[in-house]
Amino acid sequence: MEKRVFFKGWWLPALLVAPQLLISFVFFFYPSGQAIWNSLFLPDPFGLKTEFVGLDNFRFLLSDPYYLASFKTTIIFSTAVSVSSMALGLYLAALADRLIKGAGVYQTLLIWPYAIAPAIAGVLWLFMFNGNIGLASYYLKALGYEWNHTLKGDQAMFLVILASSWGRISYNFLFFLAGLQAIPKSIIEAAAIDGASFWKRFGSIVIPLLSPITFFLLVVNIVYAFFDTFGVIHTITSGGPEQSTTILVYKVFSDGFVSQDLGSSAAQSVILLVLVGILTVIQFKYIERKVHY
Amino acid sequence: MKKIKAIIASLALFAMFAGTAAQAKVEIQWWHAFGGRLGELLDEQVNKFNASQDKYTVVHTRKGNYSETLNAGIAAFRAGQHPNILMVFEVGTASLMAAKGAYVPMYQLMKDAGQRFNPNGFVSAVSGYYTTTDGKMLSMPYNSSTPVLWVNKDLMKKAGLDPEMDLSTWKKVGNALDAAKAKGIDMPFCTCWHSWVHLENFSAYHNIPFASKSNGFAGLDTELSFNSPVHIKHIQTLGKWAQEGKFKYMGRRNEAGKNFRAGECMLMTESSAGYAGIKKEAKFEFGIRHLPYYGATEAPQNTIIGGSSLWALSGKSKEENKGTAAFLAFLSRTDIQAKWHQDTGYLGVTTAAAKATKKSGFYKSNPGTDLAGIQMMRNKVTQNSKGLRLGSFDQIRGIIDEEMEGVYNGTKTAQVALDSAVKRGNVLLRRFERANK
C-alpha cells in the first residue's frame, strides 16, 4: 500500500521542490542546453566570432574514423575496468567476510585506495611504469619484456585499466562486503548442514542474493569508467599512443580544451548525453525488476 | 534580497579599495611556459626589470607546457581574465594572427606607448615569422631555437667511433648507429619534437614544401604536402631504426632530453636550446653538430625556428599597455638578449645581441654554440624555408605524432602514415579556414 499525501493549493509544494529544481536547472538543464546550442555553431577559439553550421559538427564527427574508434576503445576500457574491479572486489570481500581476527584492520586497509584521487593514482602507476625510472618497467626489462607504453597501444591500455581499476576495487569491496554481511547466516548454515560445499553455497545462495548489489555496482562502475577516469588517462597517456586510450570523455576534453574546437566538443557532449540517457533507462528498467529479494 | 545587495555592494567597495591600495605600482601579468633552468633565467629577467624602474611590477606565472599555456590564455580571454602578456609558441602563431581583436599588434603597442622600438633590429629569419606580409610586426620574438644534432662523445668512443667523425648526412648517421648497436649501446639515437625536427625542419632544410601557399604564409587555403617521396624515405628510415632497436621513442615532446642528459642516448636531435639543461646536467663530453640531411639533395637550405613570441592581449588599460610596452622593449635590449642567448642556447634574436656575443669571445670558448645561428641563416630563405603559418597547427602536430607512432611501432608504413596525416590535417585546415573567414 502506498501512502499519498495531498497538499492543498500549489505554492507550498512548489516552494518545497524549488531548491531541487533550481539545482537541476543550474547544474544540468542550463549546461546541457548550452551544449546543444553550441553544437550547432563553429566558433573561433577566442570567442570573437561564430558561424551557424547546423548539423555539420555531427557530420564532421561521424566521418572521423578516430571518433568511431573511440566508441570501441570506450567499450573495451569500461568493460575491463568494471569486470576486473568487481571480480577482485567480490573476491576480497568474500575473504574478508570469513575473517575472525583483525577484520577491521584488513577492511580499513582494503578500502584505503578509494580515498586516492584518480589523477594521483594515475601519477603513482605512471611512476612505477615510467620508461626511465620506473621500478615495474625495470623488472620487466630484466625479464626480457620491453615496456614502452608511450609507443605500444596495448601496454598503454593495460596501464590505464590497471590504474583505473585499482581504487575502484575498494569501492566494490565495500559494497560487496556489506551485501555479504546482510545475508542471514542461518541460510548458509542450513545449506552447510545439507552438505553443500563452499563453492556450491557461494554459487547458488550468495551470488543470487548479491544480485541487486551486483547490478547496482555494474551500473555505477560503468558510469565511473565512462566519466571519472579522465584524471587517470590524462596523467598517464593523454589519450595516446595513436589515440589508443582516448575514450569518449577524453576526446571531448582534448578536442575542446586542447584543440580549441568547441563546436565539435559540444557535439560530442550531446552524443554522450544521449548515450548516458540510454544507459540510465536500461539501468532503471533492469534494477526496478531485479531489486526485490 | 536587499540585505544581499548591501553585502555584495560592501564587498565590491572593499575590493575596490583593496585594489587601489595595491595599485601603487601598475601590475603587468605575464603567462609563460618555462620551468626548470629556463624558468630561473626568465625570473632573473623579470626581477631585473622590476628593479630597474618603480612604475610597473611584472608578475610572471607558469601555466604548464607551451600548449597548456596557450590554452589557458585562450580560455582566460573568453572569460575576460587574461594576462597582459601571453607566451605563444610558434605553432600557435597562425591562430593568434587570425584572432584579430584579441591582441594589440606590437607595432601599435609601441607606437601608442611612445616607446622607441626598432623592428629591423631583429634577425629577419626570426621576426619574419611574426610579421604580416605587409611588414607589420604583430608579436615580440622571445625565444627562438632551431634543431641541431647533439653528440655524446663518451658513448661514441665506447662504440669505437671517432667522436669527431663526419655526421653531416643521415646516411653517415645510420652507419654510426649500426656500429653503436653492434657494440651494445642501448640507445644509439633518440629525438625530441618529432614533427618539428623530422618533418617541418626537414622540409625547409631540403627546400621542399611542407604545405602549399608558401607553407601557409600566402593564404588560409593551404594544403599539407609532407607526404612527398623524400619525406617518406626519411620517416621510413626512422621507422626501420626503431624496429632494429637503434632509435628509441621516448615521447612526443622533449622527453628524450632526459635520456641524453643522463648519458644513455648517443645521438639526439633536439632544439639548440637544449643547451641550458645539457650544460648543467651532462656528466660527459658533448658536442653540437648541424642537423644531418640527405646527400642526394644539394647542400642543405636553412632550418626554421621553434620557440615562442610574446603577445600583448587586448582589453587592458592604457596605463597597463604602457607598462607592457616598456617591459617588452626592455627584453629586446642588447645586454638582456645577449645574456639570454649565451645562457640558454636560444638564438640571439637581435642582430646586435649576436654581434655582442661574438665580440665577447663566447663562441670560441663554447664551441658549437654558434652552429644554430649559422644553420638558420646560411642561405637566402625560399618559399619553403621561411617558416610555417598553419591554423590549428597544434592539433595537426598531434595528428602527425599519432601517425608517426604507428610507423615507429611497426603497425604502419611511412607512406600510409603520412598520407593519413596529410588527409586528416587538411580536414582541420579547412575547418580553421571556415571558422576564420
# chains A, B, ... in the order shown; residues from 1 in each chain; ligands from 1

$ interface_residues --of "chain A" --to "chain B" --cutoff "9 Å" --atoms "only C-alpha atoms" --output "list in words"
Leu42, Pro43, Asp44, Pro45, Phe46, Gly47, Leu48, Lys49, Thr50, Glu51, Asp64, Gly131, Asn132, Asn148, Thr150, Leu151, Lys152, Gly240, Pro241, Glu242, Gln243, Asp255, Phe257, Val258, Ser259, Gln260 and Asp261 of chain A

$ write_last_selection --atoms "C-alpha atoms" --output "PDB file, in the first residue's frame"
ATOM      1  CA  LEU A  42      31.568  26.731 -35.369  1.00  0.00           C
ATOM      2  CA  PRO A  43      33.234  29.384 -33.189  1.00  0.00           C
ATOM      3  CA  ASP A  44      36.838  30.560 -33.344  1.00  0.00           C
ATOM      4  CA  PRO A  45      38.907  29.751 -30.228  1.00  0.00           C
ATOM      5  CA  PHE A  46      38.879  33.260 -28.763  1.00  0.00           C
ATOM      6  CA  GLY A  47      35.111  33.565 -28.997  1.00  0.00           C
ATOM      7  CA  LEU A  48      35.352  36.617 -31.242  1.00  0.00           C
ATOM      8  CA  LYS A  49      33.092  35.321 -33.973  1.00  0.00           C
ATOM      9  CA  THR A  50      30.934  32.306 -34.612  1.00  0.00           C
ATOM     10  CA  GLU A  51      29.068  30.766 -37.503  1.00  0.00           C
ATOM     11  CA  ASP A  64      36.094  10.832 -38.399  1.00  0.00           C
ATOM     12  CA  GLY A 131      60.387   4.015 -19.080  1.00  0.00           C
ATOM     13  CA  ASN A 132      63.322   5.832 -17.482  1.00  0.00           C
ATOM     14  CA  ASN A 148      57.151   1.287 -23.525  1.00  0.00           C
ATOM     15  CA  THR A 150      54.291   5.706 -24.859  1.00  0.00           C
ATOM     16  CA  LEU A 151      54.586   3.719 -28.073  1.00  0.00           C
ATOM     17  CA  LYS A 152      52.633   0.498 -27.609  1.00  0.00           C
ATOM     18  CA  GLY A 240      47.849   8.196 -26.792  1.00  0.00           C
ATOM     19  CA  PRO A 241      49.622   6.486 -28.403  1.00  0.00           C
ATOM     20  CA  GLU A 242      47.723   6.871 -31.659  1.00  0.00           C
ATOM     21  CA  GLN A 243      44.563   7.617 -29.644  1.00  0.00           C
ATOM     22  CA  ASP A 255      39.078  18.414 -28.846  1.00  0.00           C
ATOM     23  CA  PHE A 257      40.268  22.321 -24.443  1.00  0.00           C
ATOM     24  CA  VAL A 258      43.446  21.181 -26.129  1.00  0.00           C
ATOM     25  CA  SER A 259      42.479  21.744 -29.741  1.00  0.00           C
ATOM     26  CA  GLN A 260      40.062  24.594 -29.037  1.00  0.00           C
ATOM     27  CA  ASP A 261      37.451  23.132 -31.373  1.00  0.00           C
TER      28      ASP A 261
END

$ select_by_dssp --residues "range 174-412 of chain B" --states "strand (DSSP E or B)" --output "PyMOL selection string"
chain B and resi 187-191+211+224+247+265-271+286-289+293+306-313+350

$ write_last_selection --atoms "N, CA and C atoms" --output "PDB file, in the first residue's frame"
ATOM      1  N   MET B 187      70.835   2.834 -26.481  1.00  0.00           N
ATOM      2  CA  MET B 187      70.028   3.855 -27.144  1.00  0.00           C
ATOM      3  C   MET B 187      70.915   4.690 -28.068  1.00  0.00           C
ATOM      4  N   PRO B 188      71.201   4.161 -29.262  1.00  0.00           N
ATOM      5  CA  PRO B 188      72.089   4.911 -30.156  1.00  0.00           C
ATOM      6  C   PRO B 188      71.491   6.256 -30.588  1.00  0.00           C
ATOM      7  N   PHE B 189      70.177   6.290 -30.845  1.00  0.00           N
ATOM      8  CA  PHE B 189      69.573   7.525 -31.346  1.00  0.00           C
ATOM      9  C   PHE B 189      68.254   7.794 -30.640  1.00  0.00           C
ATOM     10  N   CYS B 190      67.992   9.068 -30.348  1.00  0.00           N
ATOM     11  CA  CYS B 190      66.688   9.456 -29.842  1.00  0.00           C
ATOM     12  C   CYS B 190      66.404  10.863 -30.355  1.00  0.00           C
ATOM     13  N   THR B 191      65.157  11.274 -30.279  1.00  0.00           N
ATOM     14  CA  THR B 191      64.829  12.607 -30.781  1.00  0.00           C
ATOM     15  C   THR B 191      63.714  13.246 -29.966  1.00  0.00           C
ATOM     16  N   ALA B 211      53.723  22.601 -46.832  1.00  0.00           N
ATOM     17  CA  ALA B 211      52.328  22.846 -47.203  1.00  0.00           C
ATOM     18  C   ALA B 211      52.322  23.814 -48.382  1.00  0.00           C
ATOM     19  N   LEU B 224      48.424  20.577 -46.857  1.00  0.00           N
ATOM     20  CA  LEU B 224      49.652  19.932 -46.420  1.00  0.00           C
ATOM     21  C   LEU B 224      50.267  19.093 -47.541  1.00  0.00           C
ATOM     22  N   PHE B 247      66.845   3.281 -32.630  1.00  0.00           N
ATOM     23  CA  PHE B 247      66.184   4.534 -32.273  1.00  0.00           C
ATOM     24  C   PHE B 247      65.126   4.190 -31.243  1.00  0.00           C
ATOM     25  N   CYS B 265      71.718   8.147 -24.243  1.00  0.00           N
ATOM     26  CA  CYS B 265      71.496   8.239 -25.685  1.00  0.00           C
ATOM     27  C   CYS B 265      72.748   8.815 -26.360  1.00  0.00           C
ATOM     28  N   MET B 266      73.138   8.196 -27.481  1.00  0.00           N
ATOM     29  CA  MET B 266      74.391   8.627 -28.110  1.00  0.00           C
ATOM     30  C   MET B 266      74.201   9.855 -29.001  1.00  0.00           C
ATOM     31  N   LEU B 267      73.203   9.789 -29.885  1.00  0.00           N
ATOM     32  CA  LEU B 267      72.939  10.921 -30.774  1.00  0.00           C
ATOM     33  C   LEU B 267      71.497  11.353 -30.582  1.00  0.00           C
ATOM     34  N   MET B 268      71.273  12.659 -30.463  1.00  0.00           N
ATOM     35  CA  MET B 268      69.905  13.132 -30.270  1.00  0.00           C
ATOM     36  C   MET B 268      69.670  14.362 -31.134  1.00  0.00           C
ATOM     37  N   THR B 269      68.526  14.388 -31.809  1.00  0.00           N
ATOM     38  CA  THR B 269      68.135  15.625 -32.477  1.00  0.00           C
ATOM     39  C   THR B 269      67.202  16.365 -31.533  1.00  0.00           C
ATOM     40  N   GLU B 270      67.571  17.578 -31.205  1.00  0.00           N
ATOM     41  CA  GLU B 270      66.783  18.381 -30.254  1.00  0.00           C
ATOM     42  C   GLU B 270      67.110  19.842 -30.521  1.00  0.00           C
ATOM     43  N   SER B 271      66.270  20.716 -30.018  1.00  0.00           N
ATOM     44  CA  SER B 271      66.459  22.143 -30.180  1.00  0.00           C
ATOM     45  C   SER B 271      67.832  22.588 -29.660  1.00  0.00           C
ATOM     46  N   PHE B 286      80.073  16.504 -24.452  1.00  0.00           N
ATOM     47  CA  PHE B 286      79.076  16.525 -25.526  1.00  0.00           C
ATOM     48  C   PHE B 286      79.522  17.466 -26.648  1.00  0.00           C
ATOM     49  N   GLY B 287      78.957  17.235 -27.820  1.00  0.00           N
ATOM     50  CA  GLY B 287      79.259  18.088 -28.958  1.00  0.00           C
ATOM     51  C   GLY B 287      77.981  18.505 -29.657  1.00  0.00           C
ATOM     52  N   ILE B 288      78.062  19.574 -30.415  1.00  0.00           N
ATOM     53  CA  ILE B 288      76.905  20.050 -31.175  1.00  0.00           C
ATOM     54  C   ILE B 288      77.262  19.979 -32.651  1.00  0.00           C
ATOM     55  N   ARG B 289      76.349  19.435 -33.453  1.00  0.00           N
ATOM     56  CA  ARG B 289      76.568  19.347 -34.894  1.00  0.00           C
ATOM     57  C   ARG B 289      75.377  19.924 -35.623  1.00  0.00           C
ATOM     58  N   TYR B 293      71.387  15.794 -43.181  1.00  0.00           N
ATOM     59  CA  TYR B 293      70.461  15.870 -44.320  1.00  0.00           C
ATOM     60  C   TYR B 293      70.744  14.708 -45.254  1.00  0.00           C
ATOM     61  N   GLY B 306      61.829  27.403 -33.892  1.00  0.00           N
ATOM     62  CA  GLY B 306      60.780  26.990 -32.978  1.00  0.00           C
ATOM     63  C   GLY B 306      60.956  27.891 -31.786  1.00  0.00           C
ATOM     64  N   GLY B 307      60.019  27.881 -30.887  1.00  0.00           N
ATOM     65  CA  GLY B 307      60.147  28.761 -29.737  1.00  0.00           C
ATOM     66  C   GLY B 307      58.907  29.601 -29.601  1.00  0.00           C
ATOM     67  N   SER B 308      59.009  30.736 -28.956  1.00  0.00           N
ATOM     68  CA  SER B 308      57.782  31.480 -28.719  1.00  0.00           C
ATOM     69  C   SER B 308      57.983  32.966 -28.956  1.00  0.00           C
ATOM     70  N   SER B 309      56.848  33.635 -29.046  1.00  0.00           N
ATOM     71  CA  SER B 309      56.867  35.090 -29.073  1.00  0.00           C
ATOM     72  C   SER B 309      55.881  35.572 -28.015  1.00  0.00           C
ATOM     73  N   LEU B 310      55.971  36.835 -27.678  1.00  0.00           N
ATOM     74  CA  LEU B 310      55.100  37.380 -26.642  1.00  0.00           C
ATOM     75  C   LEU B 310      54.037  38.258 -27.281  1.00  0.00           C
ATOM     76  N   TRP B 311      52.784  37.983 -26.929  1.00  0.00           N
ATOM     77  CA  TRP B 311      51.659  38.733 -27.490  1.00  0.00           C
ATOM     78  C   TRP B 311      51.053  39.606 -26.402  1.00  0.00           C
ATOM     79  N   ALA B 312      50.803  40.860 -26.758  1.00  0.00           N
ATOM     80  CA  ALA B 312      50.114  41.758 -25.833  1.00  0.00           C
ATOM     81  C   ALA B 312      48.624  41.573 -26.076  1.00  0.00           C
ATOM     82  N   LEU B 313      47.915  41.018 -25.109  1.00  0.00           N
ATOM     83  CA  LEU B 313      46.487  40.774 -25.308  1.00  0.00           C
ATOM     84  C   LEU B 313      45.706  42.071 -25.150  1.00  0.00           C
ATOM     85  N   THR B 350      68.184  39.508 -31.780  1.00  0.00           N
ATOM     86  CA  THR B 350      68.518  40.790 -32.400  1.00  0.00           C
ATOM     87  C   THR B 350      69.937  40.691 -32.956  1.00  0.00           C
TER      88      THR B 350
END

$ residues_around --residues "Lys213 in chain B" --least-positions-apart "4" --cutoff "10 Å" --atoms "only C-alpha atoms" --output "list in words"
Pro209, Phe217, Ala218, Gly219, Leu220, Asp221, Thr222, Glu223, Leu224, Gln383, Asn384 and Arg389 of chain B

$ residues_around --residues "Ile188 in chain A" --least-positions-apart "2" --cutoff "10 Å" --atoms "only C-alpha atoms" --output "list in words"
Ile183, Pro184, Lys185, Ser186, Ala190, Ala191, Ala192, Ile193, Asp194, Ala196, Phe198, Arg201, Phe202, Ile205 and Val206 of chain A

$ residues_around --residues "Glu146 in chain A" --least-positions-apart "4" --cutoff "9 Å" --atoms "only C-alpha atoms" --output "ChimeraX atom specification"
/A:137,140-141

$ write_last_selection --atoms "C-alpha atoms" --output "compact mmCIF listing (two decimals), in the first residue's frame"
# COMPACT_ATOMS: atom_id res chain seq x y z
CA SER A 137 59.40 -1.37 -16.16
CA LEU A 140 60.01 -6.25 -16.80
CA LYS A 141 63.09 -5.35 -18.77

$ closest_residue --among "B:Lys412, B:Lys111, B:Arg397, B:Lys172" --to "Trp193 in chain B" --atoms "only C-alpha atoms"
B:Arg397

$ closest_residue --among "B:Ala326, B:Leu347, B:Ala299, B:Met87" --to "Phe34 in chain B" --atoms "only C-alpha atoms"
B:Met87

$ residues_around --residues "Leu135 in chain A" --least-positions-apart "5" --cutoff "12 Å" --atoms "only C-alpha atoms" --output "list of chain:residue names"
A:Leu124, A:Trp125, A:Leu126, A:Phe127, A:Met128, A:Phe129, A:Asn130, A:Leu140, A:Lys141, A:Ala142, A:Trp147

$ atom_distance --atom1 "CA of Leu238 in chain B" --atom2 "CA of Lys171 in chain B"
11.7 Å

$ atom_distance --atom1 "CA of Lys246 in chain B" --atom2 "CA of Thr413 in chain B"
17.7 Å

$ residues_around --residues "Thr108 in chain A" --least-positions-apart "5" --cutoff "10 Å" --atoms "only C-alpha atoms" --output "list in words"
Ala103, Pro113, Ser170 and Leu174 of chain A

$ write_last_selection --atoms "N, CA and C atoms" --output "JSON list (two decimals), in the first residue's frame"
[["chain", "number", "residue", "atom", "x", "y", "z"],
["A", 103, "ALA", "N", 39.56, -8.31, 11.47],
["A", 103, "ALA", "CA", 38.75, -7.96, 10.30],
["A", 103, "ALA", "C", 38.76, -6.46, 10.05],
["A", 113, "PRO", "N", 42.65, 2.60, -0.79],
["A", 113, "PRO", "CA", 42.93, 3.18, -2.12],
["A", 113, "PRO", "C", 41.78, 4.01, -2.68],
["A", 170, "SER", "N", 38.37, -1.13, -4.12],
["A", 170, "SER", "CA", 37.99, -0.80, -2.75],
["A", 170, "SER", "C", 36.51, -0.48, -2.64],
["A", 174, "LEU", "N", 33.74, -2.67, -0.60],
["A", 174, "LEU", "CA", 32.91, -2.12, 0.46],
["A", 174, "LEU", "C", 31.46, -2.55, 0.30]]

$ closest_residue --among "B:Tyr346, B:Phe210, B:Phe330, B:Trp241" --to "Ala273 in chain B" --atoms "only C-alpha atoms"
B:Tyr346

$ decode --residues "range 28-48 of chain B" --atoms "C-alpha atoms" --output "CSV table (one decimal), in the first residue's frame"
chain,number,residue,atom,x,y,z
B,28,ILE,CA,51.7,43.5,-15.5
B,29,GLN,CA,50.7,39.9,-15.7
B,30,TRP,CA,52.8,37.5,-17.9
B,31,TRP,CA,51.9,33.9,-18.5
B,32,HIS,CA,54.6,31.7,-19.8
B,33,ALA,CA,55.6,28.0,-20.2
B,34,PHE,CA,59.1,27.9,-18.7
B,35,GLY,CA,60.1,25.8,-15.8
B,36,GLY,CA,63.5,24.3,-14.7
B,37,ARG,CA,66.6,26.2,-15.7
B,38,LEU,CA,64.8,28.3,-18.3
B,39,GLY,CA,62.3,29.3,-15.6
B,40,GLU,CA,65.1,30.6,-13.4
B,41,LEU,CA,66.6,32.6,-16.1
B,42,LEU,CA,63.2,34.1,-17.0
B,43,ASP,CA,62.7,35.0,-13.4
B,44,GLU,CA,66.0,36.7,-13.4
B,45,GLN,CA,65.0,38.9,-16.3
B,46,VAL,CA,61.7,39.9,-14.6
B,47,ASN,CA,63.5,40.8,-11.4
B,48,LYS,CA,66.0,42.9,-13.3
